[in-house]
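Here's data-v2.cif, which has mmCIF, C-alpha atoms:
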```
data_data
loop_
_atom_site.label_atom_id
_atom_site.label_comp_id
_atom_site.auth_asym_id
_atom_site.auth_seq_id
_atom_site.Cartn_x
_atom_site.Cartn_y
_atom_site.Cartn_z
CA MET M 1 0.00 0.00 0.00
CA ASN M 2 1.45 3.35 -1.09
CA TYR M 3 0.67 5.45 1.97
CA ILE M 4 1.90 8.67 0.32
CA LYS M 5 -0.64 8.36 -2.51
CA HIS M 6 -3.24 7.31 0.05
CA LEU M 7 -2.69 10.37 2.25
CA ASN M 8 -2.62 12.68 -0.76
CA GLY M 9 -5.92 11.21 -1.93
CA VAL M 10 -7.66 11.35 1.43
CA PHE M 11 -6.52 14.91 2.17
CA GLN M 12 -7.72 15.99 -1.23
CA GLN M 13 -11.13 14.60 -0.30
CA PHE M 14 -10.97 16.23 3.15
CA SER M 15 -10.51 19.64 1.50
CA LYS M 16 -13.69 19.11 -0.57
CA ASP M 17 -15.89 17.67 2.18
CA SER M 18 -17.64 20.42 4.14
CA ARG M 19 -19.16 17.89 6.55
CA LEU M 20 -15.82 17.28 8.24
CA ASN M 21 -14.50 19.16 11.25
CA PRO M 22 -11.07 19.00 12.95
CA SER M 23 -12.19 16.13 15.21
CA HIS M 24 -13.00 13.98 12.18
CA VAL M 25 -9.58 14.64 10.65
CA SER M 26 -7.63 14.06 13.87
CA LEU M 27 -9.52 10.82 14.53
CA TYR M 28 -8.87 9.60 11.00
CA MET M 29 -5.14 10.30 11.40
CA ALA M 30 -5.08 8.47 14.75
CA LEU M 31 -6.69 5.46 13.06
CA PHE M 32 -4.24 5.73 10.17
CA GLN M 33 -1.33 5.67 12.63
CA CYS M 34 -2.65 2.47 14.22
CA TRP M 35 -3.14 0.98 10.74
CA ASN M 36 0.44 1.95 9.92
CA GLN M 37 1.83 0.40 13.13
CA ASN M 38 0.09 -2.86 12.23
CA ARG M 39 1.69 -2.73 8.74
CA PHE M 40 -1.54 -1.93 6.87
CA PRO M 41 -3.55 -5.14 7.42
CA GLU M 42 -7.01 -5.69 5.93
CA SER M 43 -8.47 -4.87 9.33
CA PHE M 44 -7.19 -4.06 12.81
CA GLN M 45 -8.45 -3.63 16.35
CA VAL M 46 -8.46 -0.26 18.09
CA ASP M 47 -8.42 0.72 21.72
CA ARG M 48 -10.85 3.55 22.41
CA GLU M 49 -8.90 5.30 25.15
CA GLU M 50 -5.63 5.11 23.25
CA THR M 51 -7.22 6.34 20.02
CA MET M 52 -8.93 9.23 21.82
CA THR M 53 -5.56 10.23 23.30
CA HIS M 54 -3.84 10.19 19.91
CA ALA M 55 -6.70 12.12 18.30
CA LYS M 56 -6.83 14.66 21.17
CA ILE M 57 -10.52 13.95 21.67
CA GLY M 58 -11.66 14.21 25.28
CA SER M 59 -15.32 13.25 24.93
CA ARG M 60 -16.52 9.71 24.27
CA THR M 61 -19.65 11.15 22.69
CA THR M 62 -17.55 13.10 20.20
CA TYR M 63 -15.36 10.06 19.56
CA HIS M 64 -18.29 7.76 18.73
CA ARG M 65 -20.07 10.44 16.70
CA CYS M 66 -16.99 11.08 14.56
CA LEU M 67 -16.30 7.36 14.21
CA ASN M 68 -19.82 6.70 12.96
CA ASN M 69 -19.65 9.73 10.66
CA LEU M 70 -16.42 8.48 9.06
CA ASN M 71 -18.07 5.09 8.59
CA ASP M 72 -21.27 6.53 7.11
CA TRP M 73 -19.36 8.81 4.74
CA GLY M 74 -17.12 6.00 3.42
CA TYR M 75 -13.78 6.98 4.96
CA ILE M 76 -13.60 3.83 7.12
CA SER M 77 -15.52 0.60 7.75
CA TYR M 78 -16.32 0.33 11.46
CA LEU M 79 -17.45 -2.78 13.33
CA PRO M 80 -18.14 -2.04 17.03
CA SER M 81 -17.44 -4.88 19.46
CA HIS M 82 -19.99 -3.84 22.12
CA SER M 83 -17.63 -5.36 24.69
CA ARG M 84 -15.43 -3.58 27.21
CA PHE M 85 -12.88 -6.39 26.94
CA LYS M 86 -12.52 -6.44 23.16
CA GLY M 87 -11.56 -3.58 20.88
CA SER M 88 -13.66 -2.59 17.89
CA ARG M 89 -12.34 -3.40 14.43
CA ILE M 90 -11.59 -0.96 11.61
CA MET M 91 -11.02 -1.30 7.89
CA MET M 92 -9.47 1.55 5.91
CA PRO M 93 -10.42 2.01 2.23
CA ILE M 94 -7.35 2.85 0.16
CA PHE M 95 -7.53 6.31 -1.43
CA GLY M 96 -5.49 7.66 -4.30
CA THR M 97 -6.66 5.20 -6.98
CA THR M 98 -8.53 5.87 -10.20
CA ALA M 99 -11.19 3.17 -10.06
CA GLY M 100 -13.76 2.34 -7.44
CA GLN M 101 -16.73 3.65 -5.55
CA LEU M 102 -17.63 7.34 -5.43
CA LEU M 103 -18.04 8.99 -2.06
CA ASP M 104 -21.37 10.76 -2.20
CA ASN M 105 -21.05 14.24 -0.78
CA PRO M 106 -24.21 16.29 -1.43
CA GLU M 107 -22.92 19.30 0.47
CA THR M 108 -20.02 20.14 -1.80
CA SER M 109 -20.00 21.15 -5.43
CA ALA M 110 -16.34 20.27 -5.95
CA GLY M 111 -17.22 16.72 -6.98
CA PRO M 112 -16.87 13.31 -5.35
CA ALA M 113 -13.62 11.56 -4.50
CA VAL M 114 -12.68 8.24 -6.04
CA VAL M 115 -11.91 5.38 -3.64
CA PRO M 116 -11.96 1.58 -3.96
CA TYR M 117 -15.29 -0.16 -3.58
CA ILE M 118 -15.88 -1.98 -0.30
CA ASN M 119 -18.49 -4.68 0.09
CA ILE M 120 -19.52 -3.88 3.67
CA ASN M 121 -21.51 -7.09 4.24
CA LYS M 122 -18.64 -9.28 3.04
CA HIS M 123 -16.04 -7.46 5.11
CA ASN M 124 -18.20 -7.41 8.22
CA LYS M 125 -18.14 -11.22 8.08
CA THR M 126 -14.36 -11.06 7.74
CA LEU M 127 -14.14 -8.69 10.67
CA ASN M 128 -16.23 -10.98 12.86
CA LYS M 129 -14.03 -13.94 11.98
CA LEU M 130 -10.84 -12.01 12.68
CA SER M 131 -12.24 -10.77 15.98
CA ARG M 132 -12.65 -14.36 17.13
CA GLU M 133 -9.02 -15.12 16.23
CA SER M 134 -7.44 -12.03 17.78
CA LYS M 135 -7.15 -13.78 21.14
CA PRO M 136 -7.76 -17.30 22.46
CA LYS M 137 -11.01 -18.28 24.12
CA ASN M 138 -9.23 -19.49 27.24
CA GLU M 139 -5.96 -20.77 28.66
CA HIS M 140 -6.72 -24.32 27.52
CA ASP M 141 -6.63 -23.27 23.84
CA VAL M 142 -3.17 -21.79 24.33
CA ILE M 143 -1.85 -24.86 26.12
CA GLU M 144 -3.19 -27.12 23.36
CA PHE M 145 -1.56 -24.92 20.72
CA PHE M 146 1.83 -25.11 22.47
CA LYS M 147 1.38 -28.87 22.95
CA MET M 148 0.62 -29.27 19.23
CA ASN M 149 3.86 -27.43 18.43
CA LYS M 150 5.78 -29.69 20.85
CA TRP M 151 6.50 -26.98 23.40
CA PRO M 152 6.35 -27.34 27.20
CA LEU M 153 2.90 -26.66 28.61
CA SER M 154 4.45 -24.29 31.15
CA GLU M 155 5.59 -22.07 28.26
CA GLY M 156 1.99 -21.86 27.06
CA VAL M 157 0.87 -20.81 30.52
CA LYS M 158 3.56 -18.09 30.57
CA PHE M 159 2.42 -16.83 27.18
CA TYR M 160 -1.23 -16.71 28.20
CA ASN M 161 -0.58 -15.01 31.53
CA HIS M 162 1.70 -12.41 29.91
CA TYR M 163 -0.71 -11.30 27.18
CA GLN M 164 -3.79 -11.66 29.37
CA GLY M 165 -2.10 -9.23 31.76
CA VAL M 166 -1.46 -6.62 29.04
CA GLY M 167 -4.90 -6.90 27.43
CA TRP M 168 -3.66 -8.82 24.37
CA LYS M 169 -1.72 -5.87 23.01
CA VAL M 170 1.64 -5.67 21.27
CA GLY M 171 4.03 -3.36 23.09
CA GLY M 172 1.13 -2.26 25.28
CA LYS M 173 -0.32 -0.25 22.36
CA CYS M 174 -1.84 -2.13 19.41
CA MET M 175 -4.30 -4.98 19.74
CA ILE M 176 -3.03 -8.39 18.62
CA GLU M 177 -4.41 -9.41 15.23
CA ASP M 178 -3.63 -13.16 15.37
CA TRP M 179 -2.73 -14.72 18.71
CA MET M 180 -1.39 -17.89 17.08
CA ALA M 181 1.11 -15.88 15.02
CA THR M 182 2.11 -14.03 18.19
CA ALA M 183 2.56 -17.39 19.94
CA ARG M 184 4.83 -18.61 17.14
CA ASN M 185 6.94 -15.46 17.51
CA TRP M 186 7.06 -16.14 21.25
CA MET M 187 8.44 -19.63 20.52
CA LEU M 188 11.04 -18.25 18.09
CA ARG M 189 12.22 -15.67 20.61
CA ALA M 190 12.40 -18.31 23.34
CA ARG M 191 14.48 -20.56 21.08
CA GLU M 192 16.84 -17.70 20.18
CA LEU M 193 17.26 -16.70 23.82
CA LYS M 194 18.07 -20.31 24.69
CA LYS M 195 20.78 -20.41 22.00
CA GLU M 196 22.26 -17.09 23.14
CA SER M 197 22.30 -18.29 26.74
CA ALA M 198 24.08 -21.49 25.69
CA LEU M 199 26.70 -19.52 23.74
CA VAL M 200 27.34 -17.17 26.66
CA GLY M 201 27.73 -20.12 29.02
CA ARG M 202 30.13 -21.82 26.61
CA SER M 203 32.17 -18.63 26.21
CA ASN M 204 32.46 -18.12 29.98
CA LYS M 205 33.57 -21.73 30.39
CA LYS M 206 36.28 -21.31 27.77
CA LEU M 207 37.56 -18.10 29.34
CA THR M 208 37.84 -19.81 32.69
CA ALA M 209 39.79 -22.72 31.20
CA ASP M 210 42.08 -20.85 28.82
CA TYR M 211 42.33 -17.13 28.14
CA LEU M 212 44.12 -17.81 24.83
CA ASP M 213 41.46 -19.99 23.23
CA ILE M 214 42.49 -20.58 19.60
CA GLU M 215 41.45 -23.31 17.21
CA THR M 216 44.56 -23.38 14.98
CA ASN M 217 48.25 -23.13 15.65
CA LYS M 218 49.71 -19.80 14.63
CA ASN M 219 53.31 -18.81 14.00
CA TYR M 220 53.68 -15.52 15.82
CA GLY M 221 57.12 -15.07 14.22
CA GLU M 222 55.48 -14.23 10.88
CA PRO M 223 54.98 -10.54 10.06
CA LEU M 224 51.39 -9.21 10.16
#
```

Take the structure in the file and give it back as C-alpha cells.
Amino acid sequence: MNYIKHLNGVFQQFSKDSRLNPSHVSLYMALFQCWNQNRFPESFQVDREETMTHAKIGSRTTYHRCLNNLNDWGYISYLPSHSRFKGSRIMMPIFGTTAGQLLDNPETSAGPAVVPYININKHNKTLNKLSRESKPKNEHDVIEFFKMNKWPLSEGVKFYNHYQGVGWKVGGKCMIEDWMATARNWMLRARELKKESALVGRSNKKLTADYLDIETNKNYGEPL
C-alpha cells in the first residue's frame, strides 16, 4: 500500500468535504497511525482510550459520533465490538486510486472523491471472523496450541498469563491481530534466547579454562 498516494488522496477529499470538522480529521489520522503500526492489514483492532488520546478527543460522545460519521461517509468501515474487553475493528479504504466507488457528498460542489469499492456485508463477516481469532477463548486453547507445536505446557501458561495481563496488546499499544502468530513469535524468541544463553555459558567456560582460546596453531614469528 502506497501510503503517500493514500494520504494525498484522502486529504484531497478532506478539503472538498464540508461535513468534516477538525475532530474527524484528527480521529482519521489516529486510526491511520494504528493501521500503519500494524503494517496496513485488511483490518485491525483499536483501543478507544488510546485512540482518543492520539486524536486529542476528550469526549466519548464526540469520539463515537466522529467514528460513525467516518463510517457513514465511506472513509472507514467500522465494526463495534460492544464489549469492554474487546476492541472494535476498523477497515481503511485505500484512497489515491482511479477506479472504485464514489463517495457521495451532497454538500459540496467540488465533486466526489474516487476510492476503492468496499463490500460492507462481506467485510463485516471477515471482521467478525478475525475478531474471534485475535485472542484465544481461554488458557486451555493456548496450552493445546503449544502442545501441538511440541513446546512445554508451562511455556503456554507463561504466554497466556503475559498477554492476558497486558490486554492482548503488542508493546502495550496495538491490539493483537492473530494470537497464534504471536505465539509462534514467542516460541522463536524463546528458542533464540536459549541459543544465546548457551553460547554465553560456553564462552564463559572457555575463558575460565584458557584465556588464549584458539582453534589453529599460529606462527607468531610471521609478520602481520

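CA of His140 in chain M lies 28.6 Å from CA of Arg48 in chain M.
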
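Shortest atom-to-atom contact with Gln13 in chain M among M:Tyr63, M:Trp73, M:Gly58, M:Asn36: M:Trp73, counting all atoms listed in the file.
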
Q.
Starting from the PyMOL selection byres ((chain M and resi 184) around 12), expand the selection into actual residues of this file and give them as a PyMOL selection string.
A. chain M and resi 142+145-146+148-151+155-156+159+178-183+185-191

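Each of M:Met29, M:Ser18, M:Phe40, M:Glu196 was checked against Thr53 in chain M using all atoms listed in the file; the smallest atom-to-atom distance is that of M:Met29.
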
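In this model, the gap between CA of Ser15 in chain M and CA of Arg65 in chain M comes to 20.2 Å.
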
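The space between CA of Pro22 in chain M and CA of Gln45 in chain M spans 23.0 Å.
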
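Closest to Arg89 in chain M among M:Val10, M:Ala55, M:Ile176, M:Asn69 is M:Ile176, based on all atoms listed in the file.
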
Q: List the neighbours of Gly87 in chain M out to 8 Å using all atoms listed in the file; skip same-chain residues closer than 5 positions along the sequence, and give me the result as number ranges by chain.
A: M: 45-48, 80-81, 175

May I have the residues from that selection written out with C-alpha atoms, as a PDB file, in the coordinates of the input?
```pdb
ATOM      1  CA  GLN M  45      -8.450  -3.630  16.350  1.00  0.00           C
ATOM      2  CA  VAL M  46      -8.460  -0.260  18.090  1.00  0.00           C
ATOM      3  CA  ASP M  47      -8.420   0.720  21.720  1.00  0.00           C
ATOM      4  CA  ARG M  48     -10.850   3.550  22.410  1.00  0.00           C
ATOM      5  CA  PRO M  80     -18.140  -2.040  17.030  1.00  0.00           C
ATOM      6  CA  SER M  81     -17.440  -4.880  19.460  1.00  0.00           C
ATOM      7  CA  MET M 175      -4.300  -4.980  19.740  1.00  0.00           C
TER       8      MET M 175
END
```

**Q.** From M:Gly167, M:Gly96, M:Gly74, M:Pro41, residue lying nearest Tyr3 in chain M [only C-alpha atoms]
**A.** M:Gly96

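With distances taken from (-4.8, 6.1, -2.2) and restricted to all atoms listed in the file, the residues inside 8 Å are M:Asn2, M:Tyr3, M:Ile4, M:Lys5, M:His6, M:Leu7, M:Asn8, M:Gly9, M:Val10, M:Ile94, M:Phe95, M:Gly96, M:Thr97, M:Val115.
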
Axis-aligned box over every listed atom of range 158-177 of chain M, padded by 4 Å per side: centre and edges in Å to one decimal, as AutoDock Vina command-line options?
```
--center_x -0.4 --center_y -9.2 --center_z 23.5 --size_x 16.9 --size_y 25.8 --size_z 24.5
```

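The shortest atom-to-atom distance to Pro136 in chain M, with only C-alpha atoms taken into account, belongs to M:Gln164 out of M:Lys158, M:Gln164, M:Phe14, M:Leu27.
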
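Counting all atoms listed in the file and comparing M:Asn161, M:Ser26, M:Ser88, M:Ser197, the residue that lies closest to Ser43 in chain M is M:Ser88.
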